[in-house]
file my_file26.cif (mmCIF, C-alpha atoms)
data_model
loop_
_atom_site.label_atom_id
_atom_site.label_comp_id
_atom_site.auth_asym_id
_atom_site.auth_seq_id
_atom_site.Cartn_x
_atom_site.Cartn_y
_atom_site.Cartn_z
CA TRP Z 5 18.03 5.51 4.11
CA TYR Z 6 20.73 7.48 2.25
CA CYS Z 7 22.86 7.80 5.39
CA ASN Z 8 22.37 4.29 6.79
CA GLY Z 9 20.06 1.97 4.86
CA ARG Z 10 21.90 1.96 1.55
CA LEU Z 11 25.07 0.78 3.30
CA ALA Z 12 23.46 -2.49 4.46
CA THR Z 13 25.40 -5.55 3.34
CA GLU Z 14 22.59 -8.13 3.62
CA THR Z 15 20.16 -8.24 0.72
CA GLY Z 16 17.08 -8.68 2.92
CA THR Z 17 17.94 -5.71 5.13
CA PHE Z 18 18.77 -3.55 2.13
CA VAL Z 19 15.49 -4.35 0.37
CA ALA Z 20 13.48 -3.90 3.58
CA GLN Z 21 14.93 -0.47 4.27
CA LEU Z 22 14.57 0.56 0.63
CA SER Z 23 10.90 -0.49 0.71
CA GLU Z 24 10.35 1.42 3.94
CA MET Z 25 11.92 4.54 2.41
CA CYS Z 26 9.72 4.25 -0.71
CA SER Z 27 6.63 3.81 1.46
CA SER Z 28 7.43 6.90 3.53
CA PHE Z 29 8.18 8.90 0.39
CA CYS Z 30 4.83 7.94 -1.18
CA LEU Z 31 2.87 8.88 1.94
CA THR Z 32 4.76 12.19 2.07
CA PHE Z 33 3.86 12.73 -1.59
CA VAL Z 34 0.18 12.12 -0.81
CA GLY Z 35 0.37 14.61 2.05
CA PHE Z 36 1.87 17.30 -0.18
CA CYS Z 37 -0.81 16.62 -2.79
CA ASN Z 38 -3.51 17.20 -0.16
CA VAL Z 39 -1.88 20.47 0.89
CA TYR Z 40 -1.60 21.55 -2.75
CA ALA Z 41 -5.19 20.63 -3.62
CA ILE Z 42 -6.71 22.38 -0.60
CA SER Z 43 -4.54 25.49 -0.98
CA THR Z 44 -4.95 26.02 -4.73
CA ASN Z 45 -8.69 25.19 -4.84
CA ARG Z 46 -9.74 27.21 -1.82
CA ASN Z 47 -11.86 29.70 -3.78
CA GLN Z 48 -13.58 26.92 -5.76
CA ASN Z 49 -14.32 25.01 -2.54
CA GLU Z 50 -15.80 28.10 -0.88
CA THR Z 51 -17.95 28.84 -3.94
CA LEU Z 52 -19.16 25.23 -4.09
CA LEU Z 53 -20.03 25.13 -0.39
CA GLU Z 54 -21.86 28.45 -0.75
CA GLU Z 55 -23.97 27.08 -3.61
CA LEU Z 56 -24.79 23.95 -1.63
CA HIS Z 57 -25.76 26.15 1.32
CA GLN Z 58 -28.12 28.17 -0.88
CA ILE Z 59 -29.97 25.12 -2.22
CA TYR Z 60 -30.09 23.29 1.11
CA PRO Z 61 -33.69 22.10 1.64
CA ARG Z 62 -35.22 24.19 4.41
CA TYR Z 63 -38.93 24.10 3.57
CA ARG Z 64 -39.66 20.82 1.72
CA LYS Z 65 -38.17 18.63 4.41
CA ASN Z 66 -40.76 15.90 4.01
CA HIS Z 67 -38.89 14.65 0.92
CA TYR Z 68 -35.37 15.20 2.30
CA ARG Z 69 -33.83 13.02 5.01
CA CYS Z 70 -31.67 15.85 6.34
CA GLN Z 71 -31.16 14.44 9.83
CA HIS Z 72 -30.30 10.99 8.48
CA TYR Z 73 -27.52 12.25 6.21
CA PHE Z 74 -26.33 14.73 8.84
CA ASP Z 75 -25.93 11.91 11.37
CA MET Z 76 -24.11 9.71 8.85
CA ALA Z 77 -21.70 12.49 7.85
CA MET Z 78 -20.97 13.41 11.48
CA THR Z 79 -20.37 9.77 12.43
CA ILE Z 80 -17.90 9.27 9.59
CA MET Z 81 -16.06 12.51 10.38
CA ARG Z 82 -15.83 11.61 14.08
CA ILE Z 83 -14.41 8.17 13.24
CA GLU Z 84 -11.88 9.71 10.84
CA PHE Z 85 -10.85 12.30 13.45
CA LEU Z 86 -10.34 9.64 16.13
CA PHE Z 87 -8.40 7.43 13.70
CA TYR Z 88 -6.03 10.22 12.69
CA MET Z 89 -5.54 11.40 16.27
CA ILE Z 90 -4.69 7.88 17.48
CA LEU Z 91 -2.32 7.47 14.55
CA TYR Z 92 -0.72 10.86 15.23
CA VAL Z 93 -0.20 10.19 18.94
CA TYR Z 94 1.16 6.69 18.33
CA TYR Z 95 3.53 7.73 15.54
CA ASN Z 96 5.05 10.60 17.51
CA SER Z 97 5.24 8.83 20.87
CA ALA Z 98 6.65 5.51 19.59
CA PRO Z 99 10.33 6.65 19.55
CA LEU Z 100 10.05 7.87 23.14
CA TRP Z 101 8.30 4.72 24.37
CA VAL Z 102 10.83 2.42 22.67
CA LEU Z 103 13.70 4.46 24.10
CA LEU Z 104 12.19 4.25 27.60
CA TRP Z 105 11.56 0.50 27.20
CA GLU Z 106 15.16 -0.16 26.21
CA HIS Z 107 16.45 1.90 29.11
CA LEU Z 108 14.23 0.34 31.81
CA HIS Z 109 13.99 -3.30 30.72
CA GLU Z 110 17.12 -3.88 28.67
CA GLU Z 111 19.30 -1.44 30.63
CA TYR Z 112 20.58 0.33 27.54
CA ASP Z 113 22.38 3.61 28.01
CA LEU Z 114 20.48 6.68 26.86
CA SER Z 115 22.78 7.24 23.90
CA PHE Z 116 19.86 7.99 21.56
CA LYS Z 117 21.79 6.34 18.71
CA THR Z 118 19.57 3.29 18.25
CA GLN Z 119 16.43 5.34 17.92
CA THR Z 120 18.16 7.89 15.73
CA ASN Z 121 19.21 5.25 13.23
CA THR Z 122 15.68 3.82 13.21
CA TRP Z 123 13.60 6.97 12.94
CA PHE Z 124 15.70 9.94 11.90
CA PRO Z 125 17.97 10.47 8.87
CA TRP Z 126 20.87 12.14 10.66
CA LYS Z 127 23.32 11.40 13.47
CA VAL Z 128 22.69 12.92 16.88
CA HIS Z 129 25.92 11.77 18.59
CA GLY Z 130 24.20 10.96 21.86
CA SER Z 131 22.68 14.40 22.31
CA ALA Z 132 19.35 14.64 24.11
CA LEU Z 133 18.84 18.06 22.52
CA GLY Z 134 19.44 16.67 19.03
CA PHE Z 135 17.07 13.77 19.67
CA GLY Z 136 14.45 16.19 20.99
CA MET Z 137 14.77 18.42 17.93
CA ALA Z 138 14.39 15.38 15.68
CA VAL Z 139 11.22 14.31 17.48
CA LEU Z 140 9.91 17.88 17.38
CA SER Z 141 10.52 18.21 13.64
CA ILE Z 142 8.61 15.02 12.88
CA THR Z 143 5.84 16.02 15.31
CA VAL Z 144 5.31 19.37 13.61
CA GLY Z 145 5.56 17.89 10.10
CA SER Z 146 3.13 15.09 10.83
CA PHE Z 147 0.74 17.57 12.48
CA VAL Z 148 0.58 19.55 9.23
CA GLY Z 149 0.12 16.38 7.19
CA VAL Z 150 -2.57 14.93 9.45
CA GLY Z 151 -4.33 18.29 9.67
CA PHE Z 152 -4.62 18.65 5.91
CA ASN Z 153 -5.68 15.00 5.61
CA ILE Z 154 -8.51 15.61 8.08
CA VAL Z 155 -9.55 18.78 6.22
CA THR Z 156 -9.55 16.94 2.90
CA GLN Z 157 -11.50 13.94 4.22
CA ASN Z 158 -14.08 16.13 5.99
CA LEU Z 159 -14.54 18.28 2.90
CA ILE Z 160 -15.08 15.20 0.73
CA CYS Z 161 -17.52 13.82 3.32
CA LEU Z 162 -19.51 17.08 3.44
CA LEU Z 163 -19.72 17.40 -0.35
CA THR Z 164 -20.60 13.72 -0.83
CA PHE Z 165 -23.43 13.65 1.69
CA GLN Z 166 -24.80 16.99 0.49
CA LEU Z 167 -25.06 15.54 -3.03
CA LYS Z 168 -26.53 12.27 -1.72
CA LEU Z 169 -29.12 14.27 0.21
CA HIS Z 170 -30.25 16.05 -2.95
CA TYR Z 171 -30.26 12.91 -5.10
CA ASP Z 172 -32.36 11.13 -2.50
CA GLY Z 173 -34.75 14.08 -2.21
CA ILE Z 174 -35.19 14.37 -5.98
CA SER Z 175 -35.85 10.63 -6.22
CA SER Z 176 -38.46 10.84 -3.47
CA GLN Z 177 -40.22 13.76 -5.17
CA LEU Z 178 -40.26 11.99 -8.55
CA VAL Z 179 -41.77 8.87 -6.98
CA SER Z 180 -44.50 10.88 -5.23
CA LEU Z 181 -45.26 13.08 -8.26
CA ASP Z 182 -48.82 12.55 -9.55
CA CYS Z 183 -48.96 13.29 -13.27
CA ARG Z 184 -52.77 13.63 -13.16
CA ARG Z 185 -52.60 16.54 -10.80
CA PRO Z 186 -52.79 20.10 -12.24
CA GLY Z 187 -49.36 21.74 -12.35
CA ALA Z 188 -47.52 18.41 -12.45
CA HIS Z 189 -45.76 19.38 -15.68
CA LYS Z 190 -44.39 22.56 -14.13
CA GLU Z 191 -43.29 20.71 -11.00
CA LEU Z 192 -41.53 18.12 -13.15
CA SER Z 193 -39.72 20.88 -15.04
CA ILE Z 194 -38.53 22.37 -11.74
CA LEU Z 195 -37.28 18.96 -10.59
CA ILE Z 196 -35.41 18.41 -13.87
CA ALA Z 197 -33.76 21.84 -13.61
CA HIS Z 198 -32.82 21.16 -9.99
CA HIS Z 199 -31.46 17.73 -10.94
CA SER Z 200 -29.36 19.32 -13.70
CA ARG Z 201 -27.89 21.80 -11.24
CA ILE Z 202 -27.02 19.03 -8.78
CA LEU Z 203 -25.28 17.08 -11.56
CA GLN Z 204 -23.27 20.19 -12.44
CA LEU Z 205 -22.25 20.57 -8.79
CA GLY Z 206 -21.23 16.91 -8.77
CA ASP Z 207 -19.01 17.53 -11.81
CA GLN Z 208 -17.44 20.48 -10.00
CA VAL Z 209 -16.71 18.25 -6.99
CA ASN Z 210 -15.01 15.73 -9.29
CA ASP Z 211 -12.99 18.43 -11.05
CA ILE Z 212 -11.74 19.77 -7.71
CA MET Z 213 -11.08 16.42 -6.03
CA ASN Z 214 -9.85 14.28 -8.94
CA PHE Z 215 -6.25 15.32 -8.24
CA VAL Z 216 -6.61 14.27 -4.60
CA PHE Z 217 -8.31 11.00 -5.55
CA GLY Z 218 -5.69 10.10 -8.16
CA SER Z 219 -2.62 10.97 -6.10
CA SER Z 220 -4.03 9.27 -2.99
CA LEU Z 221 -4.87 6.05 -4.84
CA VAL Z 222 -1.48 5.84 -6.54
CA GLY Z 223 0.60 6.95 -3.56
CA ALA Z 224 -1.25 4.88 -0.96
CA THR Z 225 -1.21 1.75 -3.16
CA ILE Z 226 2.55 1.97 -3.67
CA ALA Z 227 3.07 2.72 0.04
CA ILE Z 228 1.02 -0.32 1.11
CA CYS Z 229 2.88 -2.58 -1.31
CA MET Z 230 6.29 -1.30 -0.19
CA SER Z 231 5.34 -1.60 3.48
CA SER Z 232 4.23 -5.17 2.88
CA VAL Z 233 7.58 -6.01 1.29
CA SER Z 234 9.42 -4.36 4.17
CA ILE Z 235 7.38 -6.17 6.84
CA MET Z 236 7.75 -9.59 5.19
CA LEU Z 237 11.53 -9.29 5.20
CA LEU Z 238 11.80 -8.32 8.87
CA ASP Z 239 11.47 -10.37 12.04
CA LEU Z 240 8.21 -10.03 13.96
CA ALA Z 241 9.47 -7.55 16.58
CA SER Z 242 11.09 -5.23 14.06
CA ALA Z 243 8.05 -5.39 11.79
CA PHE Z 244 5.74 -4.48 14.67
CA LYS Z 245 7.93 -1.48 15.60
#

call {"tool": "encode", "arguments": {"input": "my_file26.cif", "output": "structure tokens"}}
result
Amino acid sequence: WYCNGRLATETGTFVAQLSEMCSSFCLTFVGFCNVYAISTNRNQNETLLEELHQIYPRYRKNHYRCQHYFDMAMTIMRIEFLFYMILYVYYNSAPLWVLLWEHLHEEYDLSFKTQTNTWFPWKVHGSALGFGMAVLSITVGSFVGVGFNIVTQNLICLLTFQLKLHYDGISSQLVSLDCRRPGAHKELSILIAHHSRILQLGDQVNDIMNFVFGSSLVGATIAICMSSVSIMLLDLASAFK
């Protein structure tokens, strides 16, 4: 945008390219926040997962729907993985496909300048090597960003469904608890202590992930708004690209 977009003379084009730049910047900011949160909180995450592993219900499975929550968590993580992989492949192959389309159907010369102005913030001067290095740099950068996004989303999914499993199990045990039975008071005390520990683990999850939640909400909201502005000001073909 600094090299090309800010020099636009038409107001609509200038605003569209400025909005696109802001959107990309916000998504980049969200990616860096994910990297920061995972890297700085690694020890806390490992400790939290270890605690959840220790209290995982292995013997009183009649009150815990382990398979149900396992299947739900795996389904969500598979969908997220497929979504990010499709997005990654599309984003990094789009410049090459558009370049090939222009060359075969519109008989443009392979000068690489059109695609460079659209996707990359520097001039290549018609060099295939320069265009390839630009594509490679974005491919590697987006791989890191998508990788940390997948790690973050899977970690949140694991922690969330582990907590849901315990909440559901505690609720089931409380419902089935017979107060007239001998030892019911002791069993209730154990359930209350277990419930208190689960609530403390939930607070730890929030403390670790609040930074990710906040930055993602703010950054993604601004990015969506800026992308909407950019798309509304472009023609249909340019907006689709």

call {"tool": "closest_residue", "arguments": {"input": "my_file26.cif", "among": "Z:Asn153, Z:Ser141, Z:Thr15, Z:Gln166", "to": "Gln71 of chain Z", "atoms": "all atoms listed in the file"}}
result
Z:Gln166

call {"tool": "closest_residue", "arguments": {"input": "my_file26.cif", "among": "Z:Ala138, Z:Leu159, Z:Ile90, Z:Val222", "to": "Leu53 of chain Z", "atoms": "all atoms listed in the file"}}
result
Z:Leu159

call {"tool": "resolve_selection", "arguments": {"input": "my_file26.cif", "expression": "the PyMOL selection byres ((chain Z and resi 209) around 10)", "output": "mmCIF file with C-alpha atoms, keeping the file's coordinate frame"}}
result
data_model
loop_
_atom_site.group_PDB
_atom_site.id
_atom_site.type_symbol
_atom_site.label_atom_id
_atom_site.label_comp_id
_atom_site.auth_asym_id
_atom_site.auth_seq_id
_atom_site.Cartn_x
_atom_site.Cartn_y
_atom_site.Cartn_z
ATOM 1 C CA GLN Z 48 -13.580 26.920 -5.760
ATOM 2 C CA ASN Z 49 -14.320 25.010 -2.540
ATOM 3 C CA LEU Z 52 -19.160 25.230 -4.090
ATOM 4 C CA ILE Z 160 -15.080 15.200 0.730
ATOM 5 C CA LEU Z 163 -19.720 17.400 -0.350
ATOM 6 C CA THR Z 164 -20.600 13.720 -0.830
ATOM 7 C CA LEU Z 167 -25.060 15.540 -3.030
ATOM 8 C CA LEU Z 203 -25.280 17.080 -11.560
ATOM 9 C CA GLN Z 204 -23.270 20.190 -12.440
ATOM 10 C CA LEU Z 205 -22.250 20.570 -8.790
ATOM 11 C CA GLY Z 206 -21.230 16.910 -8.770
ATOM 12 C CA ASP Z 207 -19.010 17.530 -11.810
ATOM 13 C CA GLN Z 208 -17.440 20.480 -10.000
ATOM 14 C CA ASN Z 210 -15.010 15.730 -9.290
ATOM 15 C CA ASP Z 211 -12.990 18.430 -11.050
ATOM 16 C CA ILE Z 212 -11.740 19.770 -7.710
ATOM 17 C CA MET Z 213 -11.080 16.420 -6.030
ATOM 18 C CA ASN Z 214 -9.850 14.280 -8.940
#

call {"tool": "atom_distance", "arguments": {"input": "my_file26.cif", "atom1": "atom CA of Tyr40 of chain Z", "atom2": "atom CA of Val144 of chain Z"}}
result
17.9 Å

call {"tool": "atom_distance", "arguments": {"input": "my_file26.cif", "atom1": "atom CA of Ser146 of chain Z", "atom2": "atom CA of Pro99 of chain Z"}}
result
14.1 Å

call {"tool": "closest_residue", "arguments": {"input": "my_file26.cif", "among": "Z:Leu100, Z:Gln157, Z:His67, Z:Tyr88", "to": "Leu178 of chain Z", "atoms": "only C-alpha atoms"}}
result
Z:His67

call {"tool": "atom_distance", "arguments": {"input": "my_file26.cif", "atom1": "atom CA of Pro61 of chain Z", "atom2": "atom CA of Ala77 of chain Z"}}
result
16.6 Å

call {"tool": "axis_aligned_box", "arguments": {"input": "my_file26.cif", "around": "segment 163-171 of chain Z", "padding_each_side": "8 Å", "output": "AutoDock Vina command-line options"}}
result
--center_x -25.0 --center_y 14.8 --center_z -1.7 --size_x 26.5 --size_y 21.1 --size_z 22.8

call {"tool": "residues_around", "arguments": {"input": "my_file26.cif", "residues": "segment 227-231 of chain Z", "least_positions_apart": "2", "cutoff": "7 Å", "atoms": "all atoms listed in the file", "output": "MDAnalysis selection string"}}
result
chainID Z and resid 23:24 26:28 30:31 223:225 233:235

call {"tool": "closest_residue", "arguments": {"input": "my_file26.cif", "among": "Z:Ile226, Z:Leu140, Z:Tyr68, Z:Ala132", "to": "Tyr171 of chain Z", "atoms": "only C-alpha atoms"}}
result
Z:Tyr68

call {"tool": "residues_around", "arguments": {"input": "my_file26.cif", "residues": "Ser175 of chain Z", "least_positions_apart": "2", "cutoff": "12 Å", "atoms": "only C-alpha atoms", "output": "list in words"}}
result
His67, Tyr68, Arg69, Lys168, Leu169, His170, Tyr171, Asp172, Gly173, Gln177, Leu178, Val179, Ser180, Leu181, Leu192, Leu195, Ile196, His198 and His199 of chain Z

call {"tool": "closest_residue", "arguments": {"input": "my_file26.cif", "among": "Z:Asn66, Z:Ser232, Z:Thr143, Z:Gln21", "to": "Ser176 of chain Z", "atoms": "all atoms listed in the file"}}
result
Z:Asn66

call {"tool": "closest_residue", "arguments": {"input": "my_file26.cif", "among": "Z:Ile202, Z:Ile174, Z:Glu191, Z:Val150", "to": "Asn38 of chain Z", "atoms": "only C-alpha atoms"}}
result
Z:Val150

call {"tool": "resolve_selection", "arguments": {"input": "my_file26.cif", "expression": "the PyMOL selection byres ((chain Z and resi 152) around 10)", "output": "number ranges by chain"}}
result
Z: 35-43, 146-151, 153-158

call {"tool": "write_last_selection", "arguments": {"input": "my_file26.cif", "atoms": "C-alpha atoms", "output": "compact mmCIF listing (two decimals), in the coordinates of the input"}}
result
# COMPACT_ATOMS: atom_id res chain seq x y z
CA GLY Z 35 0.37 14.61 2.05
CA PHE Z 36 1.87 17.30 -0.18
CA CYS Z 37 -0.81 16.62 -2.79
CA ASN Z 38 -3.51 17.20 -0.16
CA VAL Z 39 -1.88 20.47 0.89
CA TYR Z 40 -1.60 21.55 -2.75
CA ALA Z 41 -5.19 20.63 -3.62
CA ILE Z 42 -6.71 22.38 -0.60
CA SER Z 43 -4.54 25.49 -0.98
CA SER Z 146 3.13 15.09 10.83
CA PHE Z 147 0.74 17.57 12.48
CA VAL Z 148 0.58 19.55 9.23
CA GLY Z 149 0.12 16.38 7.19
CA VAL Z 150 -2.57 14.93 9.45
CA GLY Z 151 -4.33 18.29 9.67
CA ASN Z 153 -5.68 15.00 5.61
CA ILE Z 154 -8.51 15.61 8.08
CA VAL Z 155 -9.55 18.78 6.22
CA THR Z 156 -9.55 16.94 2.90
CA GLN Z 157 -11.50 13.94 4.22
CA ASN Z 158 -14.08 16.13 5.99
